[in-house]
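Data file: coords.cif. Format and content: mmCIF, C-alpha atoms.
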```cif
data_entry
loop_
_atom_site.label_atom_id
_atom_site.label_comp_id
_atom_site.auth_asym_id
_atom_site.auth_seq_id
_atom_site.Cartn_x
_atom_site.Cartn_y
_atom_site.Cartn_z
CA MET U 74 76.03 -157.00 -38.02
CA ASP U 75 75.46 -154.13 -40.44
CA LEU U 76 73.50 -155.69 -43.30
CA LYS U 77 74.19 -152.89 -45.80
CA LYS U 78 77.92 -153.17 -45.12
CA TYR U 79 77.82 -156.96 -45.44
CA ILE U 80 75.95 -156.83 -48.76
CA GLY U 81 78.32 -154.13 -50.02
CA GLU U 82 81.38 -156.22 -49.16
CA LYS U 83 80.02 -159.31 -50.87
CA ARG U 84 78.98 -157.33 -53.94
CA GLU U 85 82.48 -155.87 -54.15
CA ALA U 86 83.94 -159.39 -54.00
CA VAL U 87 81.70 -160.54 -56.88
CA ASP U 88 82.43 -157.44 -58.97
CA ALA U 89 86.17 -157.80 -58.30
CA PHE U 90 85.99 -161.39 -59.54
CA PHE U 91 84.22 -160.31 -62.73
CA HIS U 92 86.71 -157.50 -63.36
CA SER U 93 89.59 -159.91 -62.84
CA TYR U 94 88.11 -162.68 -64.97
CA PHE U 95 87.11 -160.44 -67.88
CA ARG U 96 90.27 -158.32 -67.74
CA GLU U 97 91.85 -160.22 -70.63
CA LEU U 98 90.49 -159.34 -74.05
CA ARG U 99 88.81 -162.30 -75.67
CA LYS U 100 87.65 -162.70 -79.22
CA PRO U 101 85.31 -161.81 -80.68
CA SER U 102 85.80 -158.52 -78.84
CA LEU U 103 82.36 -157.25 -79.86
CA LEU U 104 80.76 -160.18 -78.05
CA GLN U 105 82.86 -159.54 -74.95
CA GLU U 106 81.90 -155.85 -75.01
CA ALA U 107 78.21 -156.77 -75.20
CA MET U 108 78.61 -159.26 -72.35
CA LEU U 109 80.37 -156.73 -70.14
CA TYR U 110 77.78 -154.07 -70.93
CA SER U 111 75.00 -156.37 -69.77
CA LEU U 112 76.91 -157.72 -66.79
CA PHE U 113 77.89 -154.30 -65.44
CA ALA U 114 74.68 -152.46 -66.33
CA GLY U 115 73.81 -152.35 -62.67
CA GLY U 116 72.26 -154.79 -60.30
CA LYS U 117 72.20 -155.87 -56.73
CA ARG U 118 74.10 -159.15 -57.18
CA ILE U 119 71.61 -160.70 -54.76
CA ARG U 120 71.95 -164.26 -56.11
CA PRO U 121 75.69 -164.60 -55.54
CA ILE U 122 75.40 -162.73 -52.24
CA LEU U 123 72.80 -165.23 -51.03
CA ALA U 124 75.06 -168.11 -52.08
CA LEU U 125 78.01 -166.58 -50.21
CA ALA U 126 75.89 -165.92 -47.13
CA SER U 127 74.51 -169.47 -47.18
CA TYR U 128 77.99 -170.94 -47.41
CA GLU U 129 79.14 -168.72 -44.56
CA ALA U 130 76.11 -169.68 -42.45
CA CYS U 131 77.16 -173.31 -42.82
CA GLY U 132 80.63 -172.53 -41.48
CA GLY U 133 82.50 -171.98 -44.75
CA ASP U 134 84.71 -169.10 -45.80
CA PRO U 135 82.75 -167.27 -48.50
CA SER U 136 85.93 -166.14 -50.26
CA GLU U 137 86.48 -169.81 -51.22
CA ILE U 138 83.38 -169.87 -53.45
CA VAL U 139 83.25 -166.40 -55.02
CA PRO U 140 83.84 -167.80 -58.54
CA TYR U 141 81.08 -170.37 -58.12
CA ALA U 142 78.63 -167.91 -56.56
CA SER U 143 79.38 -165.40 -59.31
CA THR U 144 78.25 -167.84 -61.96
CA LEU U 145 74.72 -167.44 -60.61
CA GLU U 146 74.86 -163.81 -61.72
CA LEU U 147 76.15 -164.83 -65.14
CA ILE U 148 73.27 -167.28 -65.57
CA HIS U 149 70.76 -164.67 -64.40
CA THR U 150 72.13 -162.06 -66.82
CA TYR U 151 72.03 -164.60 -69.65
CA SER U 152 68.40 -165.43 -68.86
CA LEU U 153 67.41 -161.77 -69.00
CA ILE U 154 69.06 -161.32 -72.39
CA HIS U 155 67.68 -164.58 -73.75
CA ASP U 156 64.18 -163.59 -72.69
CA ASP U 157 64.46 -160.26 -74.55
CA LEU U 158 65.90 -161.65 -77.79
CA PRO U 159 62.55 -162.26 -79.54
CA ARG U 160 61.49 -158.66 -78.88
CA TRP U 161 64.82 -157.34 -80.18
CA ILE U 162 64.50 -159.45 -83.32
CA THR U 163 61.00 -158.08 -83.84
CA MET U 164 62.19 -154.50 -83.43
CA ILE U 165 65.11 -155.00 -85.82
CA SER U 166 63.27 -156.96 -88.50
CA GLY U 167 59.87 -155.35 -88.20
CA GLY U 168 58.43 -158.86 -88.23
CA LYS U 169 56.84 -161.03 -85.61
CA ALA U 170 58.75 -162.85 -82.92
CA ASP U 171 58.12 -166.52 -82.28
CA LYS U 172 57.51 -165.84 -78.59
CA PRO U 173 54.22 -164.14 -77.62
#
```

Could you show the structure in this file as structure tokens?
Amino acid sequence: MDLKKYIGEKREAVDAFFHSYFRELRKPSLLQEAMLYSLFAGGKRIRPILALASYEACGGDPSEIVPYASTLELIHTYSLIHDDLPRWITMISGGKADKP
């Protein structure tokens, strides 16, 4: 098995799901634009790939769980943004953030 090829295929499946899911414009559009910017800013998609590989290792067809595995990437992206919010607020306001 070619690991790079395998990872590439699974990443493409996750990205295709995201492109399909977020294809429709939702309101507020500014929020959706910000979400897509963060989601597609680059990344390895290792969390959903590991979920797909685990499911496959247990005898399942990974294509059956792409939406569920992809949510791991959404949660990860959210956590990165949430962690940075206090610093962004500090930069914007010139004040102090609540988080050290």

One-decimal distance in Å that lies between CA of Leu125 in chain U and CA of Glu137 in chain U: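 About the pair CA of Glu137 in chain U and CA of Leu125 in chain U: they are 9.1 Å apart.
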
Env of Tyr79 in chain U: 12 Å cut, atoms = all atoms listed in the file, seq-sep filter 3 positions within chain, self excluded. Answer as a short mmCIF file (atom, residue, chain, number, x, y, z; two decimals) with C-alpha atoms, keeping the file's coordinate frame.
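result20.cif, freshly written:
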```
data_model
loop_
_atom_site.label_atom_id
_atom_site.label_comp_id
_atom_site.auth_asym_id
_atom_site.auth_seq_id
_atom_site.Cartn_x
_atom_site.Cartn_y
_atom_site.Cartn_z
CA MET U 74 76.03 -157.00 -38.02
CA ASP U 75 75.46 -154.13 -40.44
CA LEU U 76 73.50 -155.69 -43.30
CA GLU U 82 81.38 -156.22 -49.16
CA LYS U 83 80.02 -159.31 -50.87
CA ARG U 84 78.98 -157.33 -53.94
CA GLU U 85 82.48 -155.87 -54.15
CA ALA U 86 83.94 -159.39 -54.00
CA ILE U 119 71.61 -160.70 -54.76
CA ILE U 122 75.40 -162.73 -52.24
CA LEU U 123 72.80 -165.23 -51.03
CA LEU U 125 78.01 -166.58 -50.21
CA ALA U 126 75.89 -165.92 -47.13
CA GLU U 129 79.14 -168.72 -44.56
CA PRO U 135 82.75 -167.27 -48.50
#
```

Separation of CA of Pro140 in chain U from CA of Ser93 in chain U, in Å and rounded to one decimal: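 So the two atoms, CA of Pro140 in chain U and CA of Ser93 in chain U, lie 10.7 Å apart.
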
From U:Arg99, U:Leu104, U:His149, U:Tyr94, residue lying nearest Arg118 in chain U [only C-alpha atoms]: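 Comparing U:Arg99, U:Leu104, U:His149, U:Tyr94 against Arg118 in chain U, the winner is U:His149.
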
Point-to-point distance in Å for CA of Leu112 in chain U and CA of His92 in chain U: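 If I compute the distance from CA of His92 in chain U to CA of Leu112 in chain U, I get 10.4 Å.
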
Answer key for the PyMOL selection byres ((chain U and resi 141) around 12), residues as a PyMOL selection string: chain U and resi 87+90-91+120-122+124-125+128+135-140+142-148

Take every atom of range 84-87 of chain U listed in the file, fit an axis-aligned box around them, add 5 Å per side, and give the centre and edge lengths in Å to one decimal as JSON.
```
{"center_x": 81.5, "center_y": -158.2, "center_z": -55.4, "size_x": 15.0, "size_y": 14.7, "size_z": 12.9}
```

Explicit residues for the PyMOL selection byres ((chain U and resi 113) around 10) (as a PyMOL selection string): chain U and resi 88+91-92+108-112+114-116+150

From U:Ala107, U:Ile80, U:Pro101, U:Phe95, residue lying nearest Tyr151 in chain U [all atoms listed in the file]: U:Ala107
